[in-house]
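Q: Handing you a structure now.
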Amino acid sequence: MGGYMTLEKEANKLLYILEQAGFSSYKVGGYVRDKLLDLPVKDIDIATSARPEQVTELFPKVIPTGIKHGTVTVHWQGESFEVTTFRKESEYSDHRHPDQVHFVNHITIDLGRRDFTINAMAMDQSGTIIDPFGGQTDLRNKVIRAVGEPLRRFTEDPLRILRGIRFSANLGFGIHPHTWRAMSECGYLLHEISKERIRDEWSKIIEGSHAIVGLEYLSYEGLVPLLPWATIFSAYNRHPNKHQLHRWKNPAYRWAFLLSTSNVTETMDISQLLLDWKFPKRLIRQIEALLFIKDQPIITPIDGKRLLIAHGLDIVKQGSYIRAKTLPDSLCVDSKLLTQWDHELVIGQPKDLAIQGRDLLNHFALQPGPWVSQMLSYLFEQVAFGHIPNDQASLLQEARKVHDDERTNFKDF
Ligand code: ATP
Ligand code: MG
């Protein structure tokens, strides 16, 4: 049997081996939280009193992945586990990196350095839970609460502010009032965190099953001290159709919708903004396509079919849905009509065309150039719309006609 049963069984073996060698060891953090919530297990992190070099001696394949923080990765029976020595951190002079890592001997001290009570629990081999900060109660009450003095914890590491909001967006939990007050007071410290890490947390917030809750916290004044994002998040939060966000699971649709609820898409180069914020290239391309379609009035079947050919049915449907929900007075085409137009397209992809660039080059005995792809997309459209049949003779005949009639449009002829 594969899946997480194996993962848990192997994690327990690992704990057993460590315990036999005289080191106390536990499954910790996200695993314990998700297990208690009956959520699927993704990975299992282990905390132990063994020092990294002692862990390394006990297992055949150990990689020193984060040795500075006391973390090694143990490859074991086809699975891998991050094993971290119990530690406490002190003196965060730059709000981000602990100046020193102090190893400690007891799990309770290690749990005390963790961010939220629901993340500060440990479980031993037998399933007994170590919960010094009331994490189980907070799980039951659906509360995100900082471990220890909130203001100090967010000053130490402002990224925790976004992590807290992320857990709220993923789990649908509220943030405890004291914790929330400290978060909002420390918002300005987020300036010190890299764009990439911030964007990473934002993405997880927006992708959460309770994204609206997370975005409500996130749009709180001061938590996004960065323009234009502050404008974007607060415009979203005030938008009458904001709940539509949950209609999609796909991050590209969620981001495109969120961006469309403000007017930044009209005033800014969004592609550049997304590039600056290190969004994955593929995601940027999808968001661009959606925002492009959102800006197109689809009036005639030809308008619709052109977009369908270029982007495919799903993205055109969602793009025009975004248009309908964010530009309420816009002309908006019914999704059934889009489906019908899509069916009416004779061929779906340029590769289905009965001729290729090579055929055009041979036929006209001309130099290659941009005219080839221009001609191919023209022919493709003609076939897709059903204006000419998809066979070599008809296509070459049409190409010849265009060549003779419209030299000016194809400059390279
Ligand atoms: P996910 O499901 O996203 O992996 P997680 O709780 O496992 O959630 P990780 O980022 O994998 O989150 O971190 C593992 C554990 O390490 C957390 O549960 C928490 O106890 C601790 N932790 C991680 N980041 C921080 C931080 N910035 N400050 C304090 N503790 C942290
Ligand atoms: Mg994790």
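Quick note on naming: the chains in the structure tokens go A, B, ... in the order shown, residues restart at 1 in each chain, and ligands are numbered from 1 in order of appearance.
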Using only C-alpha atoms and all ligand atoms, which protein or nucleic acid residues are at most 9 Å from ligand 1, as an NGL selection string?
A: :A and (28-34 or 41-45 or 96 or 111-121 or 147 or 153-154 or 156-161 or 163 or 166-167 or 204)
Q: Please provide the set of residues having any atom within 12 Å of region 345-357 of chain A, restricted to only C-alpha atoms, with same-chain residues fewer than 2 positions apart removed, written as number ranges by chain.
A: A: 301-302, 304-313, 338-343, 359-399
Q: Nearest residue to ligand 2 out of A:Tyr188, A:Phe81, A:Tyr220, A:Phe233, using only C-alpha atoms and all ligand atoms?
A: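 Closest candidate: A:Phe81.
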Q: Using only C-alpha atoms, can you tell me which of A:Arg254, A:Arg145, A:Arg247, A:Lys401 comes closest to Ile206 (chain A)?
A: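 Comparing A:Arg254, A:Arg145, A:Arg247, A:Lys401 against Ile206 (chain A), the winner is A:Arg254.
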Q: With only C-alpha atoms as the counted atoms, please give the residues lying no more than 12 Å from Met268 (chain A), apart from itself and same-chain residues fewer than 4 positions off, as a list in words.
A: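 After dropping sequence-adjacent residues, the list is Leu227, Pro228, Trp229, Ile232, Leu259, Ser260, Ser262, Asn263, Val264, Gln272, Leu273 and Leu274 of chain A.
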Q: For a test of reading the model, state the distance in Å between CA of Leu275 (chain A) and CA of Phe292 (chain A), rounded to one decimal.
A: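 CA of Leu275 (chain A) sits 16.8 Å away from CA of Phe292 (chain A).
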Q: For CA of Gln54 (chain A) and CA of Gly66 (chain A), determine how far apart the two atoms are, in Å to one decimal place.
A: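 According to the coordinates, CA of Gln54 (chain A) and CA of Gly66 (chain A) are separated by 14.9 Å.
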Q: Quick one: pull the distance between CA of Pro297 (chain A) and CA of Ala252 (chain A), Å, one decimal.
A: 20.9 Å
Q: Name the residues in contact with Val74 (chain A) at a cut-off of 8 Å, using only C-alpha atoms, excluding same-chain residues fewer than 6 positions from it; report them as a tab-separated table (two decimals) with N, CA and C atoms, in the first residue's frame.
A:
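Written out: result16.tsv:
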```tsv
chain	number	residue	atom	x	y	z
A	59	PHE	N	21.70	6.81	10.07
A	59	PHE	CA	20.99	6.42	8.86
A	59	PHE	C	21.93	6.40	7.66
A	61	LYS	N	21.50	7.25	4.45
A	61	LYS	CA	21.54	8.33	3.46
A	61	LYS	C	20.97	9.62	4.06
A	62	VAL	N	21.88	10.51	4.43
A	62	VAL	CA	21.47	11.74	5.09
A	62	VAL	C	22.11	12.92	4.37
A	63	ILE	N	21.29	13.90	3.99
A	63	ILE	CA	21.79	15.07	3.26
A	63	ILE	C	21.72	16.29	4.19
A	80	SER	N	11.38	10.65	2.25
A	80	SER	CA	12.39	11.50	2.86
A	80	SER	C	11.77	12.35	3.95
A	81	PHE	N	12.57	12.60	4.97
A	81	PHE	CA	12.09	13.31	6.15
A	81	PHE	C	13.08	14.39	6.54
A	82	GLU	N	12.55	15.57	6.88
A	82	GLU	CA	13.41	16.60	7.44
A	82	GLU	C	13.51	16.36	8.94
A	83	VAL	N	14.73	16.17	9.39
A	83	VAL	CA	14.94	15.91	10.81
A	83	VAL	C	15.72	17.09	11.39
```
Q: Enumerate as a PyMOL selection string all residues of region 52-300 of chain A assigned to strand (DSSP E or B) by DSSP on the backbone, naming them with the chain letters and numbers the document uses.
A: chain A and resi 61-66+71-76+79-85+87-90+100-103+116+122-123+129-130+143-144+146+174-175
Q: I want to know what sits within 10 Å of region 212-219 of chain A, based on only C-alpha atoms, with residues of the same chain fewer than 4 positions away left out; could you give that as a VMD selection string?
A: chain A and resid 161 to 162 164 to 175 180 183 to 184 187 202 204 to 208 223 to 224 229 to 238 242 to 246
Q: Using only C-alpha atoms, which protein or nucleic acid residues come within 10 Å of region 17-23 of chain A? Drop anything in the same chain fewer than 3 positions from it, and give the result as a count of residues only.
A: 15
Q: Using DSSP secondary structure from the backbone, list all alpha helix (DSSP H) positions within region 276-377 of chain A, as an MDAnalysis selection string.
A: chainID A and resid 276 281:294 301:311 313:326 335:344 357:364 370:377
Q: Select, from A:Ser203, A:Lys27, A:Arg181, A:Lys325, the residue with the minimum atom-to-atom distance to ligand 2, counting only C-alpha atoms and all ligand atoms.
A: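 The answer is A:Lys27, which sits nearest to ligand 2.
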Q: Can you work out which one of A:Gly222, A:Asn250, A:Ile46, A:Glu266 has the shortest atom-to-atom distance to ligand 2, counting only C-alpha atoms and all ligand atoms?
A: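 Among the listed residues, the smallest separation from ligand 2 belongs to A:Ile46.
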